[in-house]
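Q: Following this line is structure-v1.tsv, made up of TSV, C-alpha atoms:
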```tsv
chain	number	residue	atom	x	y	z
A	264	MET	CA	-180.54	-93.09	102.48
A	265	THR	CA	-181.55	-89.48	103.11
A	266	ARG	CA	-182.45	-87.58	99.99
A	267	THR	CA	-180.85	-84.17	99.61
A	268	ALA	CA	-182.53	-81.09	98.17
A	269	ALA	CA	-180.58	-81.67	94.96
A	270	ASP	CA	-181.94	-85.23	94.75
A	271	ARG	CA	-185.50	-83.95	95.01
A	272	TRP	CA	-185.22	-80.92	92.76
A	273	LEU	CA	-182.79	-82.07	90.06
A	274	ARG	CA	-182.72	-84.87	87.53
A	275	ARG	CA	-179.26	-85.51	86.11
A	276	TYR	CA	-179.14	-86.50	82.47
A	277	HIS	CA	-175.43	-86.22	81.75
A	278	ARG	CA	-173.44	-89.16	80.47
A	279	GLY	CA	-171.25	-89.86	83.48
A	280	GLY	CA	-167.87	-88.56	84.49
A	281	THR	CA	-167.21	-85.13	85.91
A	282	ALA	CA	-169.01	-82.22	84.28
A	283	ARG	CA	-166.80	-79.21	83.63
A	284	LEU	CA	-169.89	-77.05	83.19
A	285	ARG	CA	-173.47	-77.71	84.24
A	286	LEU	CA	-176.52	-76.64	82.27
A	287	TYR	CA	-179.56	-76.36	84.53
A	288	CYS	CA	-182.80	-76.51	82.58
A	289	LEU	CA	-186.38	-75.48	83.32
A	290	HIS	CA	-189.38	-76.54	81.22
A	291	PHE	CA	-192.50	-74.75	79.99
A	292	ALA	CA	-195.65	-74.34	82.12
A	293	GLY	CA	-197.13	-77.70	82.98
A	294	GLY	CA	-194.09	-79.48	81.59
A	295	THR	CA	-191.65	-81.91	83.15
A	296	ALA	CA	-187.91	-82.45	83.44
A	297	SER	CA	-188.09	-85.26	80.88
A	298	MET	CA	-188.25	-82.56	78.19
A	299	PHE	CA	-184.44	-82.51	78.44
A	300	ARG	CA	-183.68	-86.23	78.53
A	301	ASP	CA	-182.20	-86.30	75.01
A	302	TRP	CA	-180.01	-83.23	75.42
A	303	PRO	CA	-176.75	-84.85	76.62
A	304	ALA	CA	-176.26	-86.58	73.27
A	305	LEU	CA	-176.73	-83.24	71.49
A	306	LEU	CA	-174.37	-81.13	73.61
A	307	PRO	CA	-170.60	-81.23	74.19
A	308	SER	CA	-169.58	-84.16	76.38
A	309	TYR	CA	-168.19	-81.91	79.13
A	310	VAL	CA	-171.66	-80.40	79.77
A	311	GLY	CA	-173.68	-81.92	82.59
A	312	VAL	CA	-177.38	-81.52	81.83
A	313	GLU	CA	-179.55	-81.25	84.95
A	314	ALA	CA	-183.27	-80.50	84.75
A	315	PHE	CA	-185.34	-79.13	87.60
A	316	VAL	CA	-188.13	-81.35	88.92
A	317	LEU	CA	-190.84	-79.12	90.37
A	318	PRO	CA	-193.47	-80.09	92.94
A	319	GLY	CA	-196.71	-81.40	91.49
A	320	ARG	CA	-195.31	-83.55	88.69
A	321	GLU	CA	-193.29	-86.69	87.93
A	322	GLY	CA	-191.82	-88.18	91.10
A	323	ARG	CA	-193.17	-85.23	93.10
A	324	PHE	CA	-196.76	-85.32	91.85
A	325	ARG	CA	-198.13	-85.86	95.37
A	326	GLU	CA	-196.65	-82.54	96.49
A	327	PRO	CA	-198.73	-79.40	95.90
A	328	ALA	CA	-197.47	-77.36	92.99
A	329	LEU	CA	-196.04	-73.98	93.98
A	330	GLU	CA	-197.83	-70.80	92.91
A	331	ARG	CA	-195.40	-68.12	94.15
A	332	MET	CA	-192.14	-67.19	92.51
A	333	ASP	CA	-190.33	-66.54	95.81
A	334	ALA	CA	-191.17	-70.01	97.15
A	335	LEU	CA	-190.15	-71.65	93.89
A	336	VAL	CA	-186.87	-69.75	93.67
A	337	ASP	CA	-186.05	-70.57	97.31
A	338	GLY	CA	-186.42	-74.26	96.54
A	339	LEU	CA	-184.24	-74.01	93.46
A	340	ILE	CA	-181.49	-72.17	95.33
A	341	GLY	CA	-181.55	-74.79	98.07
A	342	ALA	CA	-180.93	-77.47	95.45
A	343	LEU	CA	-178.20	-75.53	93.64
A	344	ARG	CA	-176.26	-74.18	96.61
A	345	PRO	CA	-174.12	-77.31	97.30
A	346	GLN	CA	-172.90	-77.54	93.70
A	347	LEU	CA	-172.28	-73.94	92.71
A	348	ASP	CA	-168.54	-74.56	92.81
A	349	THR	CA	-168.81	-75.79	89.20
A	350	PRO	CA	-169.41	-73.19	86.45
A	351	TYR	CA	-172.94	-73.35	85.12
A	352	ALA	CA	-175.51	-71.80	82.83
A	353	LEU	CA	-179.31	-71.69	82.91
A	354	PHE	CA	-181.78	-72.57	80.16
A	355	GLY	CA	-185.48	-71.84	80.57
A	356	TYR	CA	-188.30	-72.37	78.08
A	357	SER	CA	-191.46	-70.24	78.26
A	358	PHE	CA	-192.44	-70.36	81.97
A	359	GLY	CA	-188.95	-71.68	82.64
A	360	ALA	CA	-187.39	-68.57	81.09
A	361	GLN	CA	-189.10	-66.29	83.60
A	362	VAL	CA	-188.20	-68.55	86.52
A	363	SER	CA	-184.57	-68.73	85.39
A	364	PHE	CA	-184.43	-64.95	85.18
A	365	ASN	CA	-185.80	-64.52	88.71
A	366	LEU	CA	-183.51	-67.27	89.97
A	367	THR	CA	-180.49	-65.46	88.53
A	368	HIS	CA	-181.45	-62.25	90.32
A	369	ALA	CA	-181.99	-64.11	93.59
A	370	LEU	CA	-178.61	-65.80	93.32
A	371	ARG	CA	-176.93	-62.45	92.75
A	372	ASP	CA	-178.81	-60.84	95.63
A	373	ALA	CA	-177.69	-63.69	97.92
A	374	GLY	CA	-174.05	-63.21	96.93
A	375	LEU	CA	-173.89	-66.67	95.34
A	376	PRO	CA	-172.08	-67.55	92.09
A	377	GLN	CA	-174.12	-66.47	89.10
A	378	PRO	CA	-174.57	-68.43	85.88
A	379	GLN	CA	-172.09	-67.94	83.09
A	380	ALA	CA	-175.02	-67.22	80.77
A	381	LEU	CA	-178.80	-67.19	80.64
A	382	PHE	CA	-180.53	-68.94	77.73
A	383	VAL	CA	-184.23	-68.19	77.30
A	384	GLY	CA	-186.78	-69.54	74.84
A	385	ALA	CA	-190.38	-68.75	73.91
A	386	SER	CA	-191.03	-66.04	76.49
A	387	ALA	CA	-191.20	-62.28	76.14
A	388	GLY	CA	-188.67	-60.11	77.89
A	389	PRO	CA	-189.89	-59.57	81.48
A	390	SER	CA	-190.80	-55.94	80.81
A	391	GLU	CA	-193.08	-57.03	77.93
A	392	LEU	CA	-194.64	-60.13	79.44
A	393	GLY	CA	-198.16	-58.74	79.80
A	394	TYR	CA	-201.28	-60.83	80.38
A	395	ILE	CA	-200.81	-64.57	80.92
A	396	PRO	CA	-203.60	-66.53	79.16
A	397	GLY	CA	-205.05	-69.56	80.88
A	398	VAL	CA	-204.88	-68.39	84.48
A	399	ASP	CA	-208.58	-67.81	85.06
A	400	GLU	CA	-210.13	-69.77	82.19
A	401	THR	CA	-212.25	-72.87	82.60
A	402	ASP	CA	-210.62	-76.25	82.11
A	403	ASP	CA	-212.21	-76.52	78.66
A	404	ASP	CA	-210.89	-73.11	77.61
A	405	LEU	CA	-207.44	-73.86	79.00
A	406	VAL	CA	-207.30	-77.16	77.12
A	407	ALA	CA	-208.41	-75.39	73.93
A	408	TYR	CA	-205.61	-72.85	74.41
A	409	MET	CA	-203.05	-75.61	74.95
A	410	ARG	CA	-204.29	-77.35	71.83
A	411	SER	CA	-203.91	-74.15	69.79
A	412	LEU	CA	-200.26	-73.79	70.85
A	413	GLY	CA	-199.26	-77.36	70.09
A	414	GLY	CA	-196.56	-79.01	72.16
A	415	THR	CA	-198.98	-81.17	74.19
A	416	SER	CA	-199.98	-84.51	72.71
A	417	SER	CA	-203.61	-85.26	71.87
A	418	GLU	CA	-203.26	-88.40	74.02
A	419	VAL	CA	-203.00	-86.09	77.03
A	420	LEU	CA	-205.52	-83.46	75.93
A	421	ASP	CA	-208.17	-86.05	75.08
A	422	ASN	CA	-207.71	-88.12	78.24
A	423	PRO	CA	-209.62	-86.76	81.29
A	424	ASP	CA	-207.53	-88.84	83.72
A	425	LEU	CA	-204.26	-87.48	82.36
A	426	LEU	CA	-205.65	-83.95	82.32
A	427	ASP	CA	-206.49	-84.29	86.01
A	428	LEU	CA	-202.76	-84.81	86.59
A	429	VAL	CA	-201.52	-82.12	84.22
A	430	LEU	CA	-203.88	-79.17	84.76
A	431	PRO	CA	-203.14	-78.41	88.45
A	432	ALA	CA	-199.40	-78.04	87.78
A	433	LEU	CA	-200.09	-76.04	84.62
A	434	ARG	CA	-202.36	-73.59	86.44
A	435	ALA	CA	-199.87	-73.25	89.28
A	436	ASP	CA	-197.07	-72.43	86.83
A	437	LEU	CA	-199.22	-69.85	85.06
A	438	ARG	CA	-200.18	-68.22	88.38
A	439	THR	CA	-196.52	-68.09	89.41
A	440	ILE	CA	-195.84	-65.83	86.44
A	441	ALA	CA	-199.15	-63.95	86.36
A	442	THR	CA	-198.95	-62.84	89.99
A	443	LEU	CA	-195.43	-61.43	89.71
A	444	PRO	CA	-195.62	-57.85	88.45
A	445	TYR	CA	-192.60	-56.55	86.58
A	446	ALA	CA	-190.38	-54.22	88.55
A	447	PRO	CA	-187.15	-52.81	87.09
A	448	ARG	CA	-184.07	-54.14	88.86
A	449	PRO	CA	-180.36	-53.54	88.45
A	450	LYS	CA	-179.37	-55.18	85.21
A	451	LEU	CA	-177.60	-58.50	85.08
A	452	SER	CA	-174.07	-58.54	83.71
A	453	ILE	CA	-174.10	-61.95	82.02
A	454	PRO	CA	-174.73	-62.87	78.37
A	455	ILE	CA	-178.35	-63.59	77.41
A	456	HIS	CA	-179.25	-65.60	74.31
A	457	ALA	CA	-182.94	-65.59	73.39
A	458	PHE	CA	-184.53	-68.19	71.11
A	459	SER	CA	-187.92	-67.48	69.53
A	460	GLY	CA	-190.35	-68.88	66.99
A	461	ALA	CA	-191.05	-66.67	63.97
A	462	ALA	CA	-194.77	-67.53	64.05
A	463	ASP	CA	-195.28	-67.66	67.82
A	464	PRO	CA	-198.86	-66.39	68.39
A	465	THR	CA	-198.24	-65.48	72.04
A	466	THR	CA	-196.43	-62.54	73.59
A	467	ALA	CA	-193.26	-64.55	72.96
A	468	CYS	CA	-193.15	-63.29	69.37
A	469	PRO	CA	-189.65	-62.22	68.24
A	470	PRO	CA	-190.12	-58.43	68.73
A	471	LEU	CA	-191.17	-58.88	72.36
A	472	MET	CA	-188.42	-61.41	73.01
A	473	ALA	CA	-185.92	-58.80	71.86
A	474	ALA	CA	-186.76	-56.98	75.12
A	475	TRP	CA	-184.49	-59.42	76.97
A	476	GLN	CA	-181.66	-57.16	75.86
A	477	ARG	CA	-182.86	-54.58	78.39
A	478	GLU	CA	-182.13	-56.96	81.26
A	479	THR	CA	-178.35	-57.18	80.97
A	480	THR	CA	-175.25	-55.10	80.44
A	481	GLY	CA	-173.61	-58.21	78.98
A	482	SER	CA	-173.86	-59.39	75.41
A	483	PHE	CA	-177.23	-60.20	73.88
A	484	ARG	CA	-178.11	-62.45	70.98
A	485	GLN	CA	-181.45	-63.47	69.54
A	486	THR	CA	-182.00	-66.46	67.27
A	487	VAL	CA	-185.33	-66.82	65.45
A	488	TYR	CA	-186.42	-70.23	64.17
A	489	PRO	CA	-189.38	-71.19	61.98
A	490	GLY	CA	-192.40	-72.33	63.95
A	491	GLY	CA	-194.77	-71.34	66.71
A	492	HIS	CA	-194.58	-71.41	70.49
A	493	PHE	CA	-193.17	-74.94	70.58
A	494	PHE	CA	-190.69	-74.42	67.76
A	495	ILE	CA	-188.19	-76.35	69.88
A	496	ASP	CA	-189.86	-79.62	68.89
A	497	ASP	CA	-188.80	-79.10	65.26
A	498	VAL	CA	-185.38	-77.50	65.67
A	499	LEU	CA	-183.87	-79.21	68.72
A	500	PRO	CA	-180.62	-80.23	66.93
A	501	GLU	CA	-180.13	-76.67	65.67
A	502	LEU	CA	-180.94	-75.10	69.03
A	503	THR	CA	-178.64	-77.39	71.01
A	504	ALA	CA	-175.88	-76.78	68.43
A	505	ALA	CA	-176.23	-73.05	69.10
A	506	LEU	CA	-176.13	-73.71	72.84
A	507	GLY	CA	-173.07	-75.90	72.42
A	508	SER	CA	-171.25	-73.18	70.50
A	509	ASP	CA	-172.03	-70.63	73.21
A	510	LEU	CA	-170.97	-73.03	75.96
A	511	ASP	CA	-167.69	-73.81	74.15
A	512	GLU	CA	-166.93	-70.09	74.06
A	513	LEU	CA	-167.86	-69.57	77.71
A	514	THR	CA	-165.84	-72.56	78.86
A	515	GLY	CA	-162.82	-71.42	76.87
A	516	ARG	CA	-162.93	-68.01	78.55
A	517	TRP	CA	-163.39	-69.49	82.01
A	518	GLU	CA	-160.53	-71.94	81.63
A	519	ALA	CA	-158.23	-69.29	80.16
A	520	ALA	CA	-158.88	-67.10	83.22
A	521	ARG	CA	-157.97	-69.81	85.74
```
Show this structure as C-alpha cells.
A:
Amino acid sequence: MTRTAADRWLRRYHRGGTARLRLYCLHFAGGTASMFRDWPALLPSYVGVEAFVLPGREGRFREPALERMDALVDGLIGALRPQLDTPYALFGYSFGAQVSFNLTHALRDAGLPQPQALFVGASAGPSELGYIPGVDETDDDLVAYMRSLGGTSSEVLDNPDLLDLVLPALRADLRTIATLPYAPRPKLSIPIHAFSGAADPTTACPPLMAAWQRETTGSFRQTVYPGGHFFIDDVLPELTAALGSDLDELTGRWEAAR
C-alpha cells in the first residue's frame, strides 16, 4: 500500500469515529509526536488529535531532520491539504509554537482554509523571540542546557547512544527557528491562546509570551501556570481542559453558522 503524505507526517491519536474538529499538534524542539498520545482521553470526544511526525525521529529517524522553516512548512501543508475540509485548530509547544505560527501564515498565503484558532505554549511572541540557546554550543553544553530546563529524562541525557539519536533532531529544530529572522506580516485574524510557565527561565517568560497578542486582530488570551519551561508536564489536565473549553466554543460557533 502506498503511503500518503498524511501517513508519513501525521500520527492519529483520536478514539475512532469521525472527528468534527481536528487538533493538529507540534512538539518542542527535539521532541516527538508521542508527547500527545494521552490527549484524546483529556479532550472532548469529537476532537481528533493528530500530531506531526517530523523527519529525523520516531518512524522517520533515518530521514535527515529539516533545518529550514520553508521546507518544514511545505511538508506540513502537503500532509494537511487533503483533509482541510474539516475544521481544525493548531497547538504548538515551544519550537512547535513558532512552526505553527509560520504554518498558519503559509496556509493563508496559499488561499487554504485557516485554523479556527492557534494555541501556543512556552514560546515568546515571534517579535520577542531573540537568541535561541543551544544552536552553536557543544554537545556537552547543549545537554547541560536541556538538563537545566527539565522535560527530558535523565535516562536519555545520561545515555550516549540515546543522545546520538536525539541531538541531531534537536539541533535541526533549533536552527529552524534561529535562522528565521522576524519580519512583520499582515496580522492573522484568528483567536490566539498562549500558555506560559510563571517561572520559565527562557525567553518564553509570561511578559514575552504576551507579545503573541500583536500577531492577530482576533481575540487573545494568556493563561499562566506554575512551573518552568516544561510546565505542561505538571498541568496537562488543566491545560487540556482549557483547550477543550475553547474548542467547545469554536465548534458551537462553526456549527451555528452552517
Q: Tell me, in Å to one decimal, how far atom CA of Leu284 of chain A is from atom CA of Asp301 of chain A.
A: 17.4 Å
Q: Check which residues of segment 363-473 of chain A sit at most 8 Å from segment 487-491 of chain A using all atoms listed in the file, and return one row each with the closest pair of atoms and their distance in Å to one decimal, ordered by chain and rising number, as CSV.
A:
```
residue,atom,partner,partner_atom,distance
A:Leu412,CA,A:Gly491,CA,7.3
A:Phe458,CA,A:Val487,CA,5.9
A:Ser459,CA,A:Val487,CA,4.9
A:Gly460,CA,A:Tyr488,CA,5.0
A:Ala461,CA,A:Pro489,CA,5.2
A:Ala462,CA,A:Gly491,CA,4.6
A:Asp463,CA,A:Gly491,CA,3.9
A:Pro464,CA,A:Gly491,CA,6.6
A:Pro469,CA,A:Val487,CA,6.9
```
Q: By how many Å are atom CA of Ala342 of chain A and atom CA of Gly388 of chain A apart?
A: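 If I compute the distance from atom CA of Ala342 of chain A to atom CA of Gly388 of chain A, I get 25.9 Å.
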Q: So, counting all atoms listed in the file, which residue among A:Pro470, A:Gly359, A:Pro454, A:Gly341 is closest to Thr439 of chain A?
A: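 Nearest candidate to Thr439 of chain A out of A:Pro470, A:Gly359, A:Pro454, A:Gly341: A:Gly359.
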Q: List as an mmCIF file with C-alpha atoms, keeping the file's coordinate frame the protein and nucleic acid residues near Phe354 of chain A, meaning an atom at most 9 Å away when all atoms listed in the file are counted, but skip any in the same chain fewer than 4 places from it.
A:
```cif
data_model
loop_
_atom_site.group_PDB
_atom_site.id
_atom_site.type_symbol
_atom_site.label_atom_id
_atom_site.label_comp_id
_atom_site.auth_asym_id
_atom_site.auth_seq_id
_atom_site.Cartn_x
_atom_site.Cartn_y
_atom_site.Cartn_z
ATOM 1 C CA LEU A 286 -176.520 -76.640 82.270
ATOM 2 C CA TYR A 287 -179.560 -76.360 84.530
ATOM 3 C CA CYS A 288 -182.800 -76.510 82.580
ATOM 4 C CA LEU A 289 -186.380 -75.480 83.320
ATOM 5 C CA HIS A 290 -189.380 -76.540 81.220
ATOM 6 C CA GLY A 359 -188.950 -71.680 82.640
ATOM 7 C CA ALA A 360 -187.390 -68.570 81.090
ATOM 8 C CA SER A 363 -184.570 -68.730 85.390
ATOM 9 C CA ALA A 380 -175.020 -67.220 80.770
ATOM 10 C CA LEU A 381 -178.800 -67.190 80.640
ATOM 11 C CA PHE A 382 -180.530 -68.940 77.730
ATOM 12 C CA VAL A 383 -184.230 -68.190 77.300
ATOM 13 C CA GLY A 384 -186.780 -69.540 74.840
#
```
Q: Give me, please, the distance in Å between atom CA of Leu317 of chain A and atom CA of Trp272 of chain A, quoted to one decimal.
A: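 Separation between atom CA of Leu317 of chain A and atom CA of Trp272 of chain A: 6.4 Å.
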Q: From the list A:Thr514, A:Thr503, A:Thr367, A:Thr415, which residue is nearest Val336 of chain A when using only C-alpha atoms?
A: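 Among the listed residues, the smallest separation from Val336 of chain A belongs to A:Thr367.
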Q: Determine, counting all atoms listed in the file, which protein, DNA and RNA residues have an atom within 10 Å of an atom of Asp333 of chain A; residues of the same chain fewer than 6 positions away are not included. Present the result as a ChimeraX atom specification.
A: /A:339,362,365-366,369,439,443
